[in-house]
$ cat protein18.pdb   # PDB, C-alpha atoms and all ligand atoms
ATOM      1  CA  MET A   1     -53.399 -52.667  45.480
ATOM      2  CA  THR A   2     -52.961 -52.526  41.719
ATOM      3  CA  LYS A   3     -51.020 -49.733  40.090
ATOM      4  CA  PHE A   4     -54.154 -48.465  38.358
ATOM      5  CA  LEU A   5     -56.106 -48.337  41.583
ATOM      6  CA  ARG A   6     -53.287 -46.326  43.228
ATOM      7  CA  ILE A   7     -53.291 -43.838  40.318
ATOM      8  CA  PHE A   8     -57.066 -43.613  40.461
ATOM      9  CA  ILE A   9     -57.036 -42.849  44.198
ATOM     10  CA  LYS A  10     -54.277 -40.275  43.693
ATOM     11  CA  LEU A  11     -56.314 -38.558  40.965
ATOM     12  CA  LEU A  12     -59.359 -38.601  43.202
ATOM     13  CA  MET A  13     -57.421 -36.993  46.055
ATOM     14  CA  CYS A  14     -56.213 -34.208  43.747
ATOM     15  CA  ASN A  15     -59.809 -33.290  42.979
ATOM     16  CA  ILE A  16     -60.844 -32.927  46.610
ATOM     17  CA  LYS A  17     -60.650 -29.246  47.362
ATOM     18  CA  PRO A  18     -60.474 -28.052  50.967
ATOM     19  CA  LYS A  19     -63.774 -26.535  52.182
ATOM     20  CA  LYS A  20     -63.741 -22.770  51.837
ATOM     21  CA  TYR A  21     -64.385 -20.896  55.055
ATOM     22  CA  PHE A  22     -64.881 -17.156  54.956
ATOM     23  CA  THR A  23     -62.619 -14.962  57.020
ATOM     24  CA  GLU A  24     -64.175 -12.511  59.456
ATOM     25  CA  GLU A  25     -63.200  -9.709  57.086
ATOM     26  CA  GLU A  26     -64.949 -11.415  54.150
ATOM     27  CA  ILE A  27     -68.100 -11.973  56.204
ATOM     28  CA  LYS A  28     -68.099  -8.302  57.226
ATOM     29  CA  ASP A  29     -67.700  -7.224  53.578
ATOM     30  CA  ARG A  30     -70.566  -9.479  52.506
ATOM     31  CA  ASN A  31     -72.816  -8.079  55.244
ATOM     32  CA  VAL A  32     -71.981  -4.490  54.295
ATOM     33  CA  LEU A  33     -72.707  -5.263  50.640
ATOM     34  CA  PHE A  34     -76.021  -6.931  51.530
ATOM     35  CA  GLU A  35     -77.071  -3.994  53.712
ATOM     36  CA  ARG A  36     -76.257  -1.543  50.933
ATOM     37  CA  LYS A  37     -78.274  -3.544  48.403
ATOM     38  CA  HIS A  38     -81.142  -3.943  50.889
ATOM     39  CA  THR A  39     -81.332  -0.153  51.462
ATOM     40  CA  GLN A  40     -81.251   0.434  47.697
ATOM     41  CA  LEU A  41     -84.057  -2.088  47.164
ATOM     42  CA  PHE A  42     -86.121  -0.723  50.058
ATOM     43  CA  ASP A  43     -85.864   2.844  48.693
ATOM     44  CA  ILE A  44     -86.809   1.889  45.149
ATOM     45  CA  LEU A  45     -89.825  -0.108  46.341
ATOM     46  CA  LYS A  46     -90.909   2.854  48.476
ATOM     47  CA  SER A  47     -90.752   4.989  45.316
ATOM     48  CA  ALA A  48     -93.034   2.473  43.597
ATOM     49  CA  PHE A  49     -95.649   3.057  46.325
ATOM     50  CA  LYS A  50     -95.507   6.813  45.680
ATOM     51  CA  ILE A  51     -96.609   6.030  42.107
ATOM     52  CA  TYR A  52     -99.268   3.493  43.223
ATOM     53  CA  ASP A  53    -100.735   5.821  45.855
ATOM     54  CA  SER A  54    -100.804   8.854  43.549
ATOM     55  CA  LYS A  55    -102.850   6.998  40.910
ATOM     56  CA  LEU A  56    -105.150   4.213  42.151
ATOM     57  CA  CYS A  57    -103.545   1.697  44.522
ATOM     58  CA  GLN A  58    -100.948  -1.072  44.416
ATOM     59  CA  CYS A  59    -103.577  -3.588  43.258
ATOM     60  CA  ALA A  60    -103.898  -1.804  39.896
ATOM     61  CA  TYR A  61    -100.298  -2.716  39.050
ATOM     62  CA  PRO A  62     -99.728  -6.202  37.554
ATOM     63  CA  ARG A  63     -96.028  -6.110  38.466
ATOM     64  CA  PHE A  64     -96.850  -5.467  42.142
ATOM     65  CA  ARG A  65     -99.307  -8.369  42.057
ATOM     66  CA  GLN A  66     -96.716 -10.575  40.370
ATOM     67  CA  LEU A  67     -93.955  -9.894  42.892
ATOM     68  CA  VAL A  68     -96.047 -10.282  46.059
ATOM     69  CA  GLN A  69     -97.389 -13.601  44.752
ATOM     70  CA  ILE A  70     -93.981 -15.244  44.303
ATOM     71  CA  ASP A  71     -94.517 -18.365  46.370
ATOM     72  CA  CYS A  72     -91.952 -21.139  46.553
ATOM     73  CA  SER A  73     -94.474 -23.623  47.972
ATOM     74  CA  GLU A  74     -96.268 -23.700  44.600
ATOM     75  CA  SER A  75     -93.221 -25.291  42.959
ATOM     76  CA  GLY A  76     -92.159 -27.355  45.959
ATOM     77  CA  ASN A  77     -89.049 -25.213  46.504
ATOM     78  CA  SER A  78     -87.911 -23.589  49.712
ATOM     79  CA  PHE A  79     -86.782 -19.970  49.459
ATOM     80  CA  LYS A  80     -87.668 -16.421  50.395
ATOM     81  CA  CYS A  81     -87.708 -13.570  47.896
ATOM     82  CA  TRP A  82     -86.526 -10.244  49.287
ATOM     83  CA  GLU A  83     -88.540  -8.199  46.787
ATOM     84  CA  THR A  84     -91.718 -10.051  47.839
ATOM     85  CA  GLU A  85     -91.078  -9.595  51.565
ATOM     86  CA  ILE A  86     -90.326  -5.866  51.337
ATOM     87  CA  LEU A  87     -93.292  -5.117  49.050
ATOM     88  CA  ILE A  88     -95.673  -6.986  51.374
ATOM     89  CA  GLY A  89     -94.245  -5.142  54.400
ATOM     90  CA  LEU A  90     -94.592  -1.741  52.744
ATOM     91  CA  SER A  91     -98.136  -2.456  51.539
ATOM     92  CA  LYS A  92     -99.542  -3.694  54.852
ATOM     93  CA  LYS A  93    -100.759  -0.249  55.966
ATOM     94  CA  ASN A  94    -102.967  -0.136  52.844
ATOM     95  CA  PHE A  95    -104.960  -3.217  53.875
ATOM     96  CA  ASN A  96    -107.571  -4.118  56.456
ATOM     97  CA  VAL A  97    -106.377  -7.376  57.997
ATOM     98  CA  THR A  98    -108.888  -9.929  59.285
ATOM     99  CA  GLN A  99    -108.892 -13.603  60.213
ATOM    100  CA  SER A 100    -108.620 -16.097  57.355
ATOM    101  CA  ASN A 101    -110.531 -19.364  57.048
ATOM    102  CA  LEU A 102    -107.413 -21.036  55.640
ATOM    103  CA  LYS A 103    -105.104 -23.125  57.809
ATOM    104  CA  ASP A 104    -102.382 -24.091  55.331
ATOM    105  CA  GLU A 105     -99.725 -21.702  56.682
ATOM    106  CA  VAL A 106     -98.255 -21.054  60.110
ATOM    107  CA  THR A 107     -99.966 -17.632  59.861
ATOM    108  CA  ASN A 108    -102.998 -17.100  57.603
ATOM    109  CA  GLU A 109    -104.674 -13.672  57.228
ATOM    110  CA  LYS A 110    -107.248 -12.134  54.897
ATOM    111  CA  TRP A 111    -106.123  -8.764  53.517
ATOM    112  CA  GLU A 112    -108.590  -6.321  51.918
ATOM    113  CA  CYS A 113    -107.376  -3.174  50.146
ATOM    114  CA  LYS A 114    -108.620  -0.027  51.890
ATOM    115  CA  LYS A 115    -108.948   1.778  48.533
ATOM    116  CA  CYS A 116    -110.358  -0.751  46.033
ATOM    117  CA  ASN A 117    -111.516  -3.638  48.276
ATOM    118  CA  SER A 118    -109.523  -6.262  46.359
ATOM    119  CA  THR A 119    -108.899  -9.295  48.550
ATOM    120  CA  TYR A 120    -105.783 -11.360  49.134
ATOM    121  CA  GLU A 121    -104.716 -14.271  51.311
ATOM    122  CA  PHE A 122    -101.557 -13.533  53.272
ATOM    123  CA  GLY A 123     -99.439 -16.461  54.412
ATOM    124  CA  TRP A 124     -96.302 -16.863  56.462
ATOM    125  CA  SER A 125     -94.471 -20.138  57.092
ATOM    126  CA  ASP A 126     -91.002 -21.244  58.074
ATOM    127  CA  PHE A 127     -89.367 -24.229  56.380
ATOM    128  CA  SER A 128     -86.245 -24.428  58.498
ATOM    129  CA  ILE A 129     -84.393 -22.481  61.153
ATOM    130  CA  SER A 130     -82.939 -20.187  58.465
ATOM    131  CA  VAL A 131     -85.659 -19.988  55.792
ATOM    132  CA  ASP A 132     -89.142 -18.542  56.146
ATOM    133  CA  ARG A 133     -91.260 -16.690  53.619
ATOM    134  CA  GLU A 134     -94.328 -14.491  53.168
ATOM    135  CA  LYS A 135     -96.768 -14.504  50.260
ATOM    136  CA  LEU A 136     -99.780 -12.411  49.296
ATOM    137  CA  LYS A 137    -102.051 -14.358  46.980
ATOM    138  CA  LEU A 138    -104.631 -12.357  45.054
ATOM    139  CA  ILE A 139    -108.145 -13.744  45.542
ATOM    140  CA  GLU A 140    -110.334 -11.108  43.910
ATOM    141  CA  LEU A 141    -109.254  -8.045  41.955
ATOM    142  CA  LYS A 142    -111.759  -5.201  42.208
ATOM    143  CA  THR A 143    -109.920  -2.478  40.319
ATOM    144  CA  GLU A 144    -108.853  -1.958  36.721
ATOM    145  CA  SER A 145    -105.206  -2.598  35.852
ATOM    146  CA  ILE A 146    -103.344   0.552  34.877
ATOM    147  CA  GLY A 147     -99.771  -0.650  35.284
ATOM    148  CA  LYS A 148     -97.605  -2.296  32.646
ATOM    149  CA  GLU A 149     -97.855  -6.015  31.952
ATOM    150  CA  THR A 150     -95.594  -8.481  33.723
ATOM    151  CA  ILE A 151     -92.539 -10.068  32.109
ATOM    152  CA  LYS A 152     -91.139 -13.586  32.510
ATOM    153  CA  PRO A 153     -88.528 -14.440  33.638
ATOM    154  CA  ILE A 154     -88.988 -11.938  36.473
ATOM    155  CA  PRO A 155     -85.996  -9.636  37.046
ATOM    156  CA  LEU A 156     -85.050  -9.431  40.737
ATOM    157  CA  TYR A 157     -82.380  -7.297  42.363
ATOM    158  CA  ILE A 158     -81.490  -9.107  45.604
ATOM    159  CA  GLY A 159     -83.692 -12.029  44.728
ATOM    160  CA  LEU A 160     -83.863 -15.359  46.476
ATOM    161  CA  TYR A 161     -82.458 -16.917  49.612
ATOM    162  CA  GLY A 162     -83.086 -20.517  50.612
ATOM    163  CA  HIS A 163     -82.495 -24.225  50.058
ATOM    164  CA  SER A 164     -83.880 -24.856  46.563
ATOM    165  CA  TYR A 165     -84.638 -22.493  43.693
ATOM    166  CA  PRO A 166     -86.836 -22.266  40.582
ATOM    167  CA  PRO A 167     -85.164 -22.366  37.126
ATOM    168  CA  LYS A 168     -83.768 -19.166  35.570
ATOM    169  CA  THR A 169     -86.663 -19.278  33.100
ATOM    170  CA  GLU A 170     -88.917 -18.211  36.010
ATOM    171  CA  MET A 171     -86.820 -15.464  37.675
ATOM    172  CA  TYR A 172     -83.243 -14.244  37.641
ATOM    173  CA  ASN A 173     -80.900 -11.722  39.253
ATOM    174  CA  ALA A 174     -80.839  -8.459  37.313
ATOM    175  CA  GLU A 175     -78.715  -5.320  37.567
ATOM    176  CA  PHE A 176     -80.190  -2.556  39.728
ATOM    177  CA  SER A 177     -81.003  -0.333  36.718
ATOM    178  CA  GLU A 178     -82.895  -3.168  35.044
ATOM    179  CA  PHE A 179     -84.929  -3.900  38.162
ATOM    180  CA  GLU A 180     -85.600  -0.169  38.662
ATOM    181  CA  LYS A 181     -86.916   0.085  35.104
ATOM    182  CA  TYR A 182     -89.185  -2.904  35.701
ATOM    183  CA  ILE A 183     -90.710  -1.853  39.021
ATOM    184  CA  LEU A 184     -90.995   1.875  38.280
ATOM    185  CA  GLU A 185     -92.219   1.129  34.742
ATOM    186  CA  LYS A 186     -89.755   3.500  33.113
TER     187      LYS A 186
HETATM  188 ZN    ZN B   1    -106.375  -1.797  45.893
END
$ encode --input "protein18.pdb" --output "structure tokens" --more "lines below"
Ligand SMILES: [Zn+2]
Amino acid sequence: MTKFLRIFIKLLMCNIKPKKYFTEEEIKDRNVLFERKHTQLFDILKSAFKIYDSKLCQCAYPRFRQLVQIDCSESGNSFKCWETEILIGLSKKNFNVTQSNLKDEVTNEKWECKKCNSTYEFGWSDFSISVDREKLKLIELKTESIGKETIKPIPLYIGLYGHSYPPKTEMYNAEFSEFEKYILEK
């Protein structure tokens, strides 16, 4: 082995860092932090529905429509968006759900707004054992828009979880106050 090769291998070895494993304590801390953020997000999105329901309905709000339509399959990525999932879950009681003609997802459903009759295609699919996602694609809007216009990149509070992500020019992680301002249109 030449001297240079030995030095090269030595340098290479120096750059190999041991894999970081989290301690039980660190995992617990991360879970507590996630739960706290999840509760915060859930509460703020519930507040958004108080505004939607007191005026027209969720469909009249472009930012609601934007967030529920975040769909990684459109860009060939594989992630779930927590804001999308929670908004869809909270809105379900406002829709009549019937069978869809589509077969492109593991679960396809047609959702029609009980108030304004706007229609959407709901889809749920899993991409791996740890990543699955929901989407609610607007098909026909039958109400006027009274909410504020959408902004890009989209500010998200908890944001994305998955294997591959869109660029930061599409969506990014914002502070809670920034996300609150966006979704409650303050
Ligand atoms: Zn509606």
$ closest_atom_pairs --input "protein18.pdb" --of "chain A" --to "ligand ZN 1 (chain B)" --cutoff "8 Å" --atoms "all atoms listed in the file" --output "JSON lines"
{"residue": "A:Leu56", "atom": "CA", "partner": "B:ZN1", "partner_atom": "ZN", "distance": 7.2}
{"residue": "A:Cys57", "atom": "CA", "partner": "B:ZN1", "partner_atom": "ZN", "distance": 4.7}
{"residue": "A:Gln58", "atom": "CA", "partner": "B:ZN1", "partner_atom": "ZN", "distance": 5.7}
{"residue": "A:Cys59", "atom": "CA", "partner": "B:ZN1", "partner_atom": "ZN", "distance": 4.2}
{"residue": "A:Ala60", "atom": "CA", "partner": "B:ZN1", "partner_atom": "ZN", "distance": 6.5}
{"residue": "A:Asn94", "atom": "CA", "partner": "B:ZN1", "partner_atom": "ZN", "distance": 7.9}
{"residue": "A:Glu112", "atom": "CA", "partner": "B:ZN1", "partner_atom": "ZN", "distance": 7.9}
{"residue": "A:Cys113", "atom": "CA", "partner": "B:ZN1", "partner_atom": "ZN", "distance": 4.6}
{"residue": "A:Lys114", "atom": "CA", "partner": "B:ZN1", "partner_atom": "ZN", "distance": 6.6}
{"residue": "A:Lys115", "atom": "CA", "partner": "B:ZN1", "partner_atom": "ZN", "distance": 5.1}
{"residue": "A:Cys116", "atom": "CA", "partner": "B:ZN1", "partner_atom": "ZN", "distance": 4.1}
{"residue": "A:Asn117", "atom": "CA", "partner": "B:ZN1", "partner_atom": "ZN", "distance": 6.0}
{"residue": "A:Ser118", "atom": "CA", "partner": "B:ZN1", "partner_atom": "ZN", "distance": 5.5}
{"residue": "A:Leu141", "atom": "CA", "partner": "B:ZN1", "partner_atom": "ZN", "distance": 7.9}
{"residue": "A:Lys142", "atom": "CA", "partner": "B:ZN1", "partner_atom": "ZN", "distance": 7.4}
{"residue": "A:Thr143", "atom": "CA", "partner": "B:ZN1", "partner_atom": "ZN", "distance": 6.6}
$ resolve_selection --input "protein18.pdb" --expression "the PyMOL selection byres (((chain A and resi 84) around 10) and not hetatm)" --output "NGL selection string"
:A and (64-71 or 80-83 or 85-89 or 133-136 or 156 or 159-160)
$ residues_around --input "protein18.pdb" --residues "range 103-106 of chain A" --least-positions-apart "3" --cutoff "6 Å" --atoms "all atoms listed in the file" --output "ChimeraX atom specification"
/A:123-125
$ resolve_selection --input "protein18.pdb" --expression "the PyMOL selection byres (((chain A and resi 99) around 9) and not hetatm)" --output "PyMOL selection string"
chain A and resi 97-98+100-102+108-111
$ atom_distance --input "protein18.pdb" --atom1 "CA of Thr150 in chain A" --atom2 "CA of Ser73 in chain A"
20.8 Å
$ residues_around --input "protein18.pdb" --residues "Ser47 in chain A" --least-positions-apart "3" --cutoff "12 Å" --atoms "all atoms listed in the file" --output "JSON, numbers by chain"
{"A": [40, 41, 42, 43, 44, 50, 51, 52, 53, 54, 58, 87, 90, 180, 181, 183, 184, 185]}
$ atom_distance --input "protein18.pdb" --atom1 "CA of Ile139 in chain A" --atom2 "CA of Thr119 in chain A"
5.4 Å
$ resolve_selection --input "protein18.pdb" --expression "the PyMOL selection byres (((chain A and resi 169) around 10) and not hetatm)" --output "CSV table (one decimal) with C-alpha atoms, keeping the file's coordinate frame"
chain,number,residue,atom,x,y,z
A,152,LYS,CA,-91.1,-13.6,32.5
A,153,PRO,CA,-88.5,-14.4,33.6
A,154,ILE,CA,-89.0,-11.9,36.5
A,166,PRO,CA,-86.8,-22.3,40.6
A,167,PRO,CA,-85.2,-22.4,37.1
A,168,LYS,CA,-83.8,-19.2,35.6
A,170,GLU,CA,-88.9,-18.2,36.0
A,171,MET,CA,-86.8,-15.5,37.7
A,172,TYR,CA,-83.2,-14.2,37.6
$ closest_residue --input "protein18.pdb" --among "A:Ser91, A:Glu25, A:Arg63, A:Leu45" --to "Glu149 in chain A" --atoms "all atoms listed in the file"
A:Arg63
$ atom_distance --input "protein18.pdb" --atom1 "CA of Tyr120 in chain A" --atom2 "CA of Tyr161 in chain A"
24.0 Å
$ build_atoms --input "protein18.pdb" --residues "range 86-115 of chain A" --atoms "N, CA and C atoms" --output "PDB file, in the frame of the given file"
ATOM      1  N   ILE A  86     -90.330  -7.321  51.111  1.00  0.00           N
ATOM      2  CA  ILE A  86     -90.326  -5.866  51.337  1.00  0.00           C
ATOM      3  C   ILE A  86     -91.604  -5.232  50.798  1.00  0.00           C
ATOM      4  N   LEU A  87     -92.050  -5.666  49.614  1.00  0.00           N
ATOM      5  CA  LEU A  87     -93.292  -5.117  49.050  1.00  0.00           C
ATOM      6  C   LEU A  87     -94.493  -5.413  49.957  1.00  0.00           C
ATOM      7  N   ILE A  88     -94.565  -6.629  50.478  1.00  0.00           N
ATOM      8  CA  ILE A  88     -95.673  -6.986  51.374  1.00  0.00           C
ATOM      9  C   ILE A  88     -95.611  -6.106  52.633  1.00  0.00           C
ATOM     10  N   GLY A  89     -94.421  -5.957  53.189  1.00  0.00           N
ATOM     11  CA  GLY A  89     -94.245  -5.142  54.400  1.00  0.00           C
ATOM     12  C   GLY A  89     -94.668  -3.694  54.176  1.00  0.00           C
ATOM     13  N   LEU A  90     -94.264  -3.135  53.034  1.00  0.00           N
ATOM     14  CA  LEU A  90     -94.592  -1.741  52.744  1.00  0.00           C
ATOM     15  C   LEU A  90     -96.082  -1.551  52.443  1.00  0.00           C
ATOM     16  N   SER A  91     -96.730  -2.606  51.941  1.00  0.00           N
ATOM     17  CA  SER A  91     -98.136  -2.456  51.539  1.00  0.00           C
ATOM     18  C   SER A  91     -99.110  -2.682  52.694  1.00  0.00           C
ATOM     19  N   LYS A  92     -98.627  -3.259  53.780  1.00  0.00           N
ATOM     20  CA  LYS A  92     -99.542  -3.694  54.852  1.00  0.00           C
ATOM     21  C   LYS A  92    -100.457  -2.580  55.363  1.00  0.00           C
ATOM     22  N   LYS A  93     -99.948  -1.367  55.454  1.00  0.00           N
ATOM     23  CA  LYS A  93    -100.759  -0.249  55.966  1.00  0.00           C
ATOM     24  C   LYS A  93    -101.934   0.080  55.037  1.00  0.00           C
ATOM     25  N   ASN A  94    -101.887  -0.404  53.801  1.00  0.00           N
ATOM     26  CA  ASN A  94    -102.967  -0.136  52.844  1.00  0.00           C
ATOM     27  C   ASN A  94    -104.082  -1.183  52.884  1.00  0.00           C
ATOM     28  N   PHE A  95    -103.979  -2.131  53.810  1.00  0.00           N
ATOM     29  CA  PHE A  95    -104.960  -3.217  53.875  1.00  0.00           C
ATOM     30  C   PHE A  95    -105.646  -3.295  55.242  1.00  0.00           C
ATOM     31  N   ASN A  96    -106.897  -3.711  55.220  1.00  0.00           N
ATOM     32  CA  ASN A  96    -107.571  -4.118  56.456  1.00  0.00           C
ATOM     33  C   ASN A  96    -107.314  -5.608  56.626  1.00  0.00           C
ATOM     34  N   VAL A  97    -106.753  -5.978  57.771  1.00  0.00           N
ATOM     35  CA  VAL A  97    -106.377  -7.376  57.997  1.00  0.00           C
ATOM     36  C   VAL A  97    -107.383  -8.044  58.919  1.00  0.00           C
ATOM     37  N   THR A  98    -107.955  -9.159  58.446  1.00  0.00           N
ATOM     38  CA  THR A  98    -108.888  -9.929  59.285  1.00  0.00           C
ATOM     39  C   THR A  98    -108.488 -11.404  59.289  1.00  0.00           C
ATOM     40  N   GLN A  99    -109.201 -12.182  60.094  1.00  0.00           N
ATOM     41  CA  GLN A  99    -108.892 -13.603  60.213  1.00  0.00           C
ATOM     42  C   GLN A  99    -109.233 -14.349  58.921  1.00  0.00           C
ATOM     43  N   SER A 100    -108.382 -15.287  58.554  1.00  0.00           N
ATOM     44  CA  SER A 100    -108.620 -16.097  57.355  1.00  0.00           C
ATOM     45  C   SER A 100    -109.247 -17.425  57.753  1.00  0.00           C
ATOM     46  N   ASN A 101    -109.983 -18.018  56.809  1.00  0.00           N
ATOM     47  CA  ASN A 101    -110.531 -19.364  57.048  1.00  0.00           C
ATOM     48  C   ASN A 101    -109.506 -20.441  56.729  1.00  0.00           C
ATOM     49  N   LEU A 102    -108.430 -20.055  56.041  1.00  0.00           N
ATOM     50  CA  LEU A 102    -107.413 -21.036  55.640  1.00  0.00           C
ATOM     51  C   LEU A 102    -106.524 -21.423  56.820  1.00  0.00           C
ATOM     52  N   LYS A 103    -105.974 -22.642  56.729  1.00  0.00           N
ATOM     53  CA  LYS A 103    -105.104 -23.125  57.809  1.00  0.00           C
ATOM     54  C   LYS A 103    -103.825 -23.748  57.238  1.00  0.00           C
ATOM     55  N   ASP A 104    -103.510 -23.413  55.974  1.00  0.00           N
ATOM     56  CA  ASP A 104    -102.382 -24.091  55.331  1.00  0.00           C
ATOM     57  C   ASP A 104    -101.014 -23.477  55.644  1.00  0.00           C
ATOM     58  N   GLU A 105    -100.998 -22.344  56.342  1.00  0.00           N
ATOM     59  CA  GLU A 105     -99.725 -21.702  56.682  1.00  0.00           C
ATOM     60  C   GLU A 105     -99.604 -21.608  58.203  1.00  0.00           C
ATOM     61  N   VAL A 106     -98.413 -21.275  58.669  1.00  0.00           N
ATOM     62  CA  VAL A 106     -98.255 -21.054  60.110  1.00  0.00           C
ATOM     63  C   VAL A 106     -99.107 -19.842  60.515  1.00  0.00           C
ATOM     64  N   THR A 107     -99.083 -18.783  59.668  1.00  0.00           N
ATOM     65  CA  THR A 107     -99.966 -17.632  59.861  1.00  0.00           C
ATOM     66  C   THR A 107    -100.782 -17.419  58.594  1.00  0.00           C
ATOM     67  N   ASN A 108    -102.092 -17.413  58.720  1.00  0.00           N
ATOM     68  CA  ASN A 108    -102.998 -17.100  57.603  1.00  0.00           C
ATOM     69  C   ASN A 108    -103.782 -15.839  57.955  1.00  0.00           C
ATOM     70  N   GLU A 109    -103.872 -14.884  57.005  1.00  0.00           N
ATOM     71  CA  GLU A 109    -104.674 -13.672  57.228  1.00  0.00           C
ATOM     72  C   GLU A 109    -105.375 -13.284  55.930  1.00  0.00           C
ATOM     73  N   LYS A 110    -106.546 -12.657  56.067  1.00  0.00           N
ATOM     74  CA  LYS A 110    -107.248 -12.134  54.897  1.00  0.00           C
ATOM     75  C   LYS A 110    -106.958 -10.636  54.821  1.00  0.00           C
ATOM     76  N   TRP A 111    -106.446 -10.179  53.691  1.00  0.00           N
ATOM     77  CA  TRP A 111    -106.123  -8.764  53.517  1.00  0.00           C
ATOM     78  C   TRP A 111    -107.070  -8.154  52.491  1.00  0.00           C
ATOM     79  N   GLU A 112    -107.695  -7.008  52.853  1.00  0.00           N
ATOM     80  CA  GLU A 112    -108.590  -6.321  51.918  1.00  0.00           C
ATOM     81  C   GLU A 112    -108.092  -4.892  51.714  1.00  0.00           C
ATOM     82  N   CYS A 113    -107.925  -4.505  50.461  1.00  0.00           N
ATOM     83  CA  CYS A 113    -107.376  -3.174  50.146  1.00  0.00           C
ATOM     84  C   CYS A 113    -108.333  -2.084  50.627  1.00  0.00           C
ATOM     85  N   LYS A 114    -107.791  -1.115  51.351  1.00  0.00           N
ATOM     86  CA  LYS A 114    -108.620  -0.027  51.890  1.00  0.00           C
ATOM     87  C   LYS A 114    -109.187   0.845  50.775  1.00  0.00           C
ATOM     88  N   LYS A 115    -108.492   0.908  49.626  1.00  0.00           N
ATOM     89  CA  LYS A 115    -108.948   1.778  48.533  1.00  0.00           C
ATOM     90  C   LYS A 115    -109.914   1.075  47.580  1.00  0.00           C
TER      91      LYS A 115
END
